[in-house]
file run_36.tsv (TSV, C-alpha atoms and all ligand atoms)
chain	number	residue	atom	x	y	z
L	289	MET	CA	-14.51	28.16	-47.23
L	290	GLY	CA	-18.08	28.38	-46.00
L	291	LYS	CA	-18.13	24.64	-45.60
L	292	LYS	CA	-18.69	23.19	-42.19
L	293	LYS	CA	-15.93	20.96	-41.01
L	294	LYS	CA	-17.21	17.45	-40.52
L	295	THR	CA	-15.58	15.34	-37.89
L	296	LYS	CA	-14.83	11.71	-38.57
L	297	THR	CA	-14.80	10.82	-34.95
L	298	GLU	CA	-18.06	9.33	-33.79
L	299	ILE	CA	-18.69	9.17	-30.12
L	300	ASN	CA	-21.01	6.47	-28.90
L	301	PHE	CA	-22.58	6.86	-25.53
L	302	LYS	CA	-23.82	3.87	-23.65
L	303	THR	CA	-25.45	3.53	-20.29
L	304	ALA	CA	-23.59	2.21	-17.32
L	305	TYR	CA	-26.18	-0.56	-17.31
L	306	GLU	CA	-25.16	-1.65	-20.80
L	307	LEU	CA	-21.53	-1.67	-19.78
L	308	TRP	CA	-22.43	-3.67	-16.69
L	309	GLN	CA	-24.28	-6.22	-18.83
L	310	GLU	CA	-21.34	-6.49	-21.24
L	311	ARG	CA	-19.07	-7.06	-18.32
L	312	GLN	CA	-21.16	-9.98	-17.04
L	313	ASN	CA	-19.76	-12.01	-19.92
L	314	ILE	CA	-16.11	-11.24	-19.37
L	315	LYS	CA	-14.10	-14.37	-18.77
L	316	ARG	CA	-11.43	-14.75	-16.17
L	317	LEU	CA	-8.29	-16.75	-15.94
L	318	GLU	CA	-8.53	-18.52	-12.64
L	319	THR	CA	-4.87	-18.81	-11.80
L	320	LYS	CA	-5.64	-21.36	-9.09
L	321	THR	CA	-3.14	-19.60	-6.87
L	322	PRO	CA	-3.65	-17.29	-3.88
L	323	ILE	CA	-3.50	-14.41	-6.38
L	324	ASP	CA	-7.12	-15.12	-7.38
L	325	GLU	CA	-8.39	-14.08	-3.97
L	326	LEU	CA	-6.85	-10.64	-4.40
L	327	ILE	CA	-8.42	-9.83	-7.76
L	328	GLY	CA	-11.96	-11.10	-7.71
L	329	GLY	CA	-11.29	-14.68	-8.73
L	330	GLY	CA	-8.70	-14.31	-11.46
L	331	ILE	CA	-7.31	-12.15	-14.25
L	332	GLU	CA	-9.96	-10.67	-16.53
L	333	GLU	CA	-9.78	-10.91	-20.27
L	334	GLY	CA	-8.29	-7.70	-21.61
L	335	GLU	CA	-6.60	-6.87	-18.33
L	336	VAL	CA	-2.93	-6.50	-17.43
L	337	VAL	CA	-1.76	-7.44	-13.94
L	338	GLU	CA	1.63	-6.29	-12.73
L	339	PHE	CA	3.75	-8.19	-10.22
L	340	TYR	CA	6.55	-6.17	-8.72
L	341	GLY	CA	9.07	-6.63	-5.99
L	342	GLU	CA	12.75	-6.99	-5.29
L	343	TYR	CA	15.11	-9.59	-6.78
L	344	GLY	CA	14.24	-13.14	-5.86
L	345	SER	CA	10.80	-12.22	-4.56
L	346	GLY	CA	9.04	-14.65	-6.89
L	347	LYS	CA	7.91	-12.57	-9.88
L	348	THR	CA	9.33	-14.92	-12.50
L	349	GLN	CA	8.10	-17.97	-10.59
L	350	THR	CA	4.61	-16.47	-10.61
L	351	ALA	CA	4.82	-15.77	-14.33
L	352	LEU	CA	6.05	-19.32	-15.05
L	353	THR	CA	3.26	-20.81	-12.96
L	354	LEU	CA	0.64	-18.87	-14.92
L	355	ALA	CA	2.29	-19.76	-18.24
L	356	THR	CA	2.25	-23.45	-17.31
L	357	ARG	CA	-1.38	-23.25	-16.26
L	358	VAL	CA	-2.48	-21.64	-19.54
L	359	ALA	CA	-0.24	-23.67	-21.88
L	360	GLY	CA	-0.32	-27.02	-20.12
L	361	GLU	CA	-3.69	-27.12	-18.44
L	362	LEU	CA	-5.85	-24.97	-20.72
L	363	GLY	CA	-3.94	-25.88	-23.89
L	364	GLU	CA	-3.79	-22.27	-25.07
L	365	ASP	CA	-0.84	-20.42	-26.60
L	366	VAL	CA	1.32	-18.27	-24.36
L	367	VAL	CA	3.70	-15.56	-25.51
L	368	PHE	CA	6.47	-15.04	-22.99
L	369	ILE	CA	8.65	-11.97	-23.51
L	370	ASP	CA	11.66	-12.59	-21.30
L	371	CYS	CA	13.51	-9.29	-21.07
L	372	GLU	CA	16.02	-10.66	-18.57
L	373	SER	CA	16.94	-13.83	-20.47
L	374	THR	CA	16.39	-15.91	-17.36
L	375	PHE	CA	13.68	-18.26	-18.69
L	376	LYS	CA	14.47	-21.90	-17.88
L	377	PRO	CA	12.41	-24.51	-19.74
L	378	GLU	CA	13.52	-27.05	-17.14
L	379	ARG	CA	11.57	-25.16	-14.53
L	380	VAL	CA	8.42	-25.30	-16.67
L	381	VAL	CA	8.98	-29.04	-17.05
L	382	GLU	CA	9.22	-29.37	-13.28
L	383	ILE	CA	6.05	-27.36	-12.66
L	384	ALA	CA	4.14	-29.22	-15.38
L	385	LYS	CA	5.18	-32.64	-14.05
L	386	ALA	CA	4.29	-31.74	-10.48
L	387	ARG	CA	0.85	-30.71	-11.70
L	388	GLY	CA	0.34	-33.88	-13.70
L	389	LEU	CA	0.58	-32.09	-17.06
L	390	ASP	CA	2.43	-33.13	-20.19
L	391	PRO	CA	5.68	-31.16	-20.02
L	392	GLU	CA	6.48	-31.36	-23.73
L	393	LYS	CA	3.05	-30.23	-24.83
L	394	THR	CA	3.27	-27.42	-22.31
L	395	LEU	CA	6.60	-26.21	-23.68
L	396	GLN	CA	5.35	-26.41	-27.25
L	397	LYS	CA	2.60	-23.90	-26.46
L	398	ILE	CA	4.93	-21.34	-24.93
L	399	TYR	CA	6.40	-18.96	-27.52
L	400	LEU	CA	9.47	-17.35	-26.08
L	401	ILE	CA	11.05	-14.06	-27.11
L	402	GLN	CA	14.23	-12.88	-25.41
L	403	PRO	CA	14.82	-9.30	-26.50
L	404	ILE	CA	18.22	-7.88	-25.67
L	405	THR	CA	17.55	-4.28	-26.65
L	406	VAL	CA	14.70	-1.86	-26.05
L	407	GLU	CA	14.18	-1.79	-29.80
L	408	GLU	CA	13.67	-5.54	-29.88
L	409	GLN	CA	11.30	-5.35	-26.95
L	410	MET	CA	9.27	-2.60	-28.65
L	411	GLU	CA	9.08	-4.67	-31.85
L	412	ALA	CA	8.26	-7.95	-30.17
L	413	LEU	CA	4.54	-7.28	-29.90
L	414	ASP	CA	4.28	-6.32	-33.56
L	415	GLN	CA	6.06	-9.42	-34.70
L	416	ILE	CA	4.11	-12.14	-32.96
L	417	PRO	CA	3.62	-14.69	-35.76
L	418	LYS	CA	0.12	-14.80	-37.24
L	419	ASN	CA	-0.33	-18.47	-36.39
L	420	VAL	CA	0.32	-17.80	-32.71
L	421	LYS	CA	-2.85	-16.85	-30.84
L	422	PRO	CA	-1.76	-16.18	-27.29
L	423	LYS	CA	-4.34	-16.33	-24.55
L	424	LEU	CA	-1.70	-15.15	-22.09
L	425	LEU	CA	0.98	-12.57	-22.76
L	426	VAL	CA	3.78	-12.27	-20.22
L	427	VAL	CA	6.45	-9.59	-20.14
L	428	ASP	CA	9.00	-10.60	-17.54
L	429	GLY	CA	11.20	-7.68	-16.47
L	430	VAL	CA	9.30	-5.02	-18.36
L	431	THR	CA	11.61	-2.14	-17.40
L	432	THR	CA	14.95	-3.98	-17.25
L	433	LEU	CA	16.21	-3.17	-20.75
L	434	PHE	CA	15.01	0.42	-20.45
L	435	ARG	CA	17.04	0.81	-17.28
L	436	GLU	CA	20.10	-0.68	-18.89
L	437	GLU	CA	19.97	1.41	-22.04
L	438	TYR	CA	18.94	4.73	-20.57
L	439	VAL	CA	21.31	5.21	-17.71
L	440	GLY	CA	21.97	8.93	-17.29
L	441	ARG	CA	19.58	11.36	-15.73
L	442	GLY	CA	19.52	13.30	-18.99
L	443	GLU	CA	17.94	10.31	-20.67
L	444	LEU	CA	15.13	9.83	-18.21
L	445	ALA	CA	12.49	11.68	-20.19
L	446	GLU	CA	13.21	9.66	-23.29
L	447	ARG	CA	13.17	6.42	-21.35
L	448	GLN	CA	9.90	7.29	-19.69
L	449	GLY	CA	8.32	8.16	-23.01
L	450	LEU	CA	9.43	4.93	-24.67
L	451	LEU	CA	8.36	2.82	-21.71
L	452	ARG	CA	4.99	4.46	-21.74
L	453	ARG	CA	4.69	3.74	-25.45
L	454	PHE	CA	5.54	0.10	-24.89
L	455	LEU	CA	2.98	-0.21	-22.13
L	456	ARG	CA	0.30	1.43	-24.20
L	457	LYS	CA	1.05	-0.96	-27.06
L	458	LEU	CA	0.84	-3.88	-24.68
L	459	LEU	CA	-2.47	-2.76	-23.20
L	460	THR	CA	-3.96	-2.24	-26.64
L	461	TYR	CA	-2.85	-5.70	-27.73
L	462	VAL	CA	-4.26	-7.34	-24.62
L	463	ARG	CA	-7.54	-5.46	-24.85
L	464	GLU	CA	-8.11	-5.91	-28.56
L	465	ASN	CA	-7.36	-9.61	-28.46
L	466	LYS	CA	-9.25	-10.16	-25.20
L	467	ILE	CA	-6.37	-11.99	-23.60
L	468	TYR	CA	-4.71	-12.03	-20.18
L	469	GLY	CA	-1.70	-9.79	-19.61
L	470	VAL	CA	0.98	-10.23	-16.97
L	471	ILE	CA	4.01	-8.02	-16.48
L	472	THR	CA	6.71	-8.19	-13.86
L	473	ASN	CA	8.93	-5.40	-12.73
L	474	GLN	CA	11.85	-5.26	-10.35
L	475	VAL	CA	11.95	-2.59	-7.69
L	476	TYR	CA	15.35	-1.25	-6.79
L	477	GLY	CA	16.29	0.51	-3.62
L	478	ASN	CA	16.38	3.93	-5.17
L	479	PRO	CA	15.72	6.58	-2.52
L	480	GLU	CA	13.54	8.58	-4.90
L	481	SER	CA	11.50	5.54	-5.73
L	482	SER	CA	8.74	3.90	-3.80
L	483	PRO	CA	6.82	0.76	-4.59
L	484	PHE	CA	3.67	2.75	-4.05
L	485	LEU	CA	4.28	5.01	-7.01
L	486	PRO	CA	2.74	4.11	-10.36
L	487	LEU	CA	4.98	2.03	-12.59
L	488	GLU	CA	6.33	4.79	-14.78
L	489	LEU	CA	7.23	7.04	-11.90
L	490	ARG	CA	8.87	4.43	-9.80
L	491	GLU	CA	12.58	4.57	-10.33
L	492	LEU	CA	12.06	7.15	-13.04
L	493	ALA	CA	12.61	10.81	-12.36
L	494	VAL	CA	9.77	12.80	-10.97
L	495	GLY	CA	8.16	15.11	-13.47
L	496	GLY	CA	6.58	14.56	-16.84
L	497	HIS	CA	3.43	13.45	-15.12
L	498	SER	CA	1.91	10.13	-15.64
L	499	LEU	CA	-0.38	9.29	-18.45
L	500	TYR	CA	-0.22	5.90	-17.06
L	501	HIS	CA	-2.63	4.76	-14.49
L	502	THR	CA	-4.03	2.14	-16.71
L	503	ILE	CA	-2.48	-0.87	-15.09
L	504	ASP	CA	-5.27	-1.56	-12.73
L	505	ASN	CA	-4.04	-4.41	-10.65
L	506	ARG	CA	-0.59	-4.08	-9.23
L	507	ILE	CA	0.57	-6.78	-6.88
L	508	PHE	CA	3.58	-6.27	-4.69
L	509	ILE	CA	5.47	-9.42	-3.72
L	510	ARG	CA	7.79	-9.54	-0.77
L	511	LYS	CA	9.84	-12.20	0.96
L	512	ALA	CA	8.54	-13.28	4.34
L	513	GLN	CA	9.42	-15.74	7.08
L	514	ARG	CA	10.81	-19.19	6.35
L	515	GLY	CA	11.01	-18.76	2.63
L	516	THR	CA	7.37	-17.80	2.24
L	517	ARG	CA	6.19	-14.87	0.16
L	518	ILE	CA	3.41	-12.33	0.56
L	519	ALA	CA	1.45	-10.91	-2.35
L	520	ARG	CA	-0.30	-7.63	-1.72
L	521	LEU	CA	-2.76	-5.86	-3.98
L	522	VAL	CA	-1.87	-2.17	-4.11
L	523	ASP	CA	-4.33	0.63	-4.89
L	524	SER	CA	-6.81	-1.20	-7.05
L	525	SER	CA	-9.71	0.75	-8.47
L	526	ARG	CA	-12.06	-2.16	-7.78
L	527	TYR	CA	-10.81	-4.44	-5.06
L	528	PRO	CA	-10.03	-3.78	-1.43
L	529	PRO	CA	-6.40	-3.89	-0.33
L	530	ALA	CA	-5.50	-7.39	0.78
L	531	GLU	CA	-2.56	-9.72	1.25
L	532	ARG	CA	-2.18	-13.43	0.66
L	533	PRO	CA	0.80	-15.58	1.59
L	534	PHE	CA	2.18	-18.18	-0.77
L	535	MET	CA	5.19	-20.37	-1.24
L	536	ILE	CA	7.36	-21.43	-4.14
L	537	THR	CA	7.49	-25.19	-4.64
L	538	ASP	CA	7.92	-27.77	-7.39
L	539	LYS	CA	4.39	-26.85	-8.47
L	540	GLY	CA	5.31	-23.20	-8.98
L	541	ILE	CA	3.49	-20.90	-6.58
L	542	GLU	CA	1.06	-22.44	-4.13
L	543	PRO	CA	-0.96	-21.61	-1.04
L	544	ILE	CA	0.78	-22.23	2.25
L	545	GLU	CA	-0.28	-25.53	3.78
L	546	LYS	CA	-2.01	-25.13	7.07
B	601	LIG	P1	14.44	-11.11	-10.22
B	601	LIG	O1	13.97	-9.71	-9.99
B	601	LIG	O2	15.85	-11.30	-9.83
B	601	LIG	O3	14.12	-11.61	-11.59
B	601	LIG	P2	12.22	-12.71	-9.26
B	601	LIG	O4	11.26	-11.95	-8.41
B	601	LIG	O5	11.84	-12.97	-10.65
B	601	LIG	O6	13.64	-12.01	-9.15
B	601	LIG	P3	12.12	-15.51	-8.96
B	601	LIG	O7	13.11	-16.01	-9.93
B	601	LIG	O8	10.70	-15.58	-9.33
B	601	LIG	O9	12.52	-14.05	-8.50
B	601	LIG	O10	12.26	-16.29	-7.58
B	601	LIG	C1	13.46	-16.83	-7.17
B	601	LIG	C2	13.21	-17.65	-5.93
B	601	LIG	O11	12.37	-18.77	-6.27
B	601	LIG	C3	14.48	-18.22	-5.39
B	601	LIG	O12	14.82	-17.48	-4.25
B	601	LIG	C4	14.12	-19.62	-4.98
B	601	LIG	O13	13.99	-19.65	-3.58
B	601	LIG	C5	12.76	-19.89	-5.54
B	601	LIG	N1	12.76	-21.05	-6.43
B	601	LIG	C6	13.25	-21.08	-7.70
B	601	LIG	N2	13.11	-22.32	-8.22
B	601	LIG	C7	12.52	-23.08	-7.28
B	601	LIG	C8	12.11	-24.43	-7.21
B	601	LIG	N3	12.30	-25.26	-8.25
B	601	LIG	N4	11.52	-24.86	-6.09
B	601	LIG	C9	11.33	-24.05	-5.05
B	601	LIG	N5	11.70	-22.76	-5.04
B	601	LIG	C10	12.29	-22.27	-6.14
B	602	MG	MG	12.80	-12.76	-12.45
call {"tool": "encode", "arguments": {"input": "run_36.tsv", "output": "structure tokens"}}
result
Amino acid sequence: MGKKKKTKTEINFKTAYELWQERQNIKRLETKTPIDELIGGGIEEGEVVEFYGEYGSGKTQTALTLATRVAGELGEDVVFIDCESTFKPERVVEIAKARGLDPEKTLQKIYLIQPITVEEQMEALDQIPKNVKPKLLVVDGVTTLFREEYVGRGELAERQGLLRRFLRKLLTYVRENKIYGVITNQVYGNPESSPFLPLELRELAVGGHSLYHTIDNRIFIRKAQRGTRIARLVDSSRYPPAERPFMITDKGIEPIEK
């Protein structure tokens, strides 16, 4: 009754200087692609980068290039959650060979999950085998299954909530394990949608305002002249807006030769 309620939550303040010092030691994945120039030299540990754009823009090719780099060149585990069931090992073999890497060793380091329901996608992160220690986690087509399963307007709120939960789970996993996160997301020509909206509002009904501004680096990919592509960093909290062209070749994604 007269007892004072004791909180279990301890709040630890630190100075911005301490945080700055901690951040000096953060490692980056140099992707060795034009993407690096957009995001300060590469993807930071604990960070999720989103690639979005229309069909055929090069999102999956980008993801495969990064997976090959981490698995084949760095020799680290990759978990690839392929929500569109479009993953082709042959393409990884091609990219690995063109880069002088061992294709079989590369494939052996890529752990593939192909969920076919939202439920499976939600569970995938929880069920990564203990012996797999991914340094890169890819979710290709992060909203695809959500779109398929929650079709009607009446279901939008539920879909948005579940998607947000998945994303939060993903961010926590990437942060806690200090790994690199990559998600891809297709943009459809929905009149209410705009590629400039945050992920959870794009394509999803307006309303139920975003909790989700946590995906810091969003890179929009579009098709350009003569089969080239342009990657554009959109609304980053740290880096200036910028664009870099690239092309898709046997090596995956590459700078455009001068
Ligand atoms: P979606 O939203 O449909 O999944 P996406 O953005 O993932 O699209 P990608 O699969 O990454 O699209 O890119 C497809 C494009 O990549 C094709 O248009 C093709 O031109 C190019 N491409 C695929 N394989 C090769 C290859 N081996 N060599 C050169 N270009 C290729
Ligand atoms: Mg794709």
call {"tool": "residues_near_ligand", "arguments": {"input": "run_36.tsv", "ligand": "ligand MG 602 (chain B)", "cutoff": "10 Å", "atoms": "all atoms listed in the file", "output": "CSV table (one decimal) with C-alpha atoms, in the coordinates of the input"}}
result
chain,number,residue,atom,x,y,z
L,340,TYR,CA,6.6,-6.2,-8.7
L,341,GLY,CA,9.1,-6.6,-6.0
L,342,GLU,CA,12.8,-7.0,-5.3
L,343,TYR,CA,15.1,-9.6,-6.8
L,344,GLY,CA,14.2,-13.1,-5.9
L,345,SER,CA,10.8,-12.2,-4.6
L,346,GLY,CA,9.0,-14.6,-6.9
L,347,LYS,CA,7.9,-12.6,-9.9
L,348,THR,CA,9.3,-14.9,-12.5
L,349,GLN,CA,8.1,-18.0,-10.6
L,350,THR,CA,4.6,-16.5,-10.6
L,351,ALA,CA,4.8,-15.8,-14.3
L,352,LEU,CA,6.0,-19.3,-15.0
L,370,ASP,CA,11.7,-12.6,-21.3
L,371,CYS,CA,13.5,-9.3,-21.1
L,372,GLU,CA,16.0,-10.7,-18.6
L,373,SER,CA,16.9,-13.8,-20.5
L,374,THR,CA,16.4,-15.9,-17.4
L,375,PHE,CA,13.7,-18.3,-18.7
L,428,ASP,CA,9.0,-10.6,-17.5
L,429,GLY,CA,11.2,-7.7,-16.5
L,472,THR,CA,6.7,-8.2,-13.9
L,473,ASN,CA,8.9,-5.4,-12.7
L,474,GLN,CA,11.8,-5.3,-10.4
call {"tool": "residues_around", "arguments": {"input": "run_36.tsv", "residues": "stretch 394-400 of chain L", "least_positions_apart": "2", "cutoff": "8 Å", "atoms": "all atoms listed in the file", "output": "PyMOL selection string"}}
result
chain L and resi 355-356+359-361+363-370+377+380-381+384+389-392+402
call {"tool": "residues_around", "arguments": {"input": "run_36.tsv", "residues": "stretch 524-540 of chain L", "least_positions_apart": "5", "cutoff": "8 Å", "atoms": "all atoms listed in the file", "output": "PyMOL selection string"}}
result
chain L and resi 322-323+325-328+346+349-350+352-353+382-384+386-387+504-506+515-519
call {"tool": "atom_distance", "arguments": {"input": "run_36.tsv", "atom1": "atom O6 of ligand LIG 601 (chain B)", "atom2": "atom CA of L:Tyr438"}}
result
20.9 Å
call {"tool": "closest_residue", "arguments": {"input": "run_36.tsv", "among": "L:Lys418, L:Arg357, L:Arg520, L:Arg453", "to": "L:Ile541", "atoms": "all atoms listed in the file"}}
result
L:Arg357
call {"tool": "closest_residue", "arguments": {"input": "run_36.tsv", "among": "L:Lys320, L:Lys385, L:Lys423, L:Lys302", "to": "ligand LIG 601 (chain B)", "atoms": "all atoms listed in the file"}}
result
L:Lys385
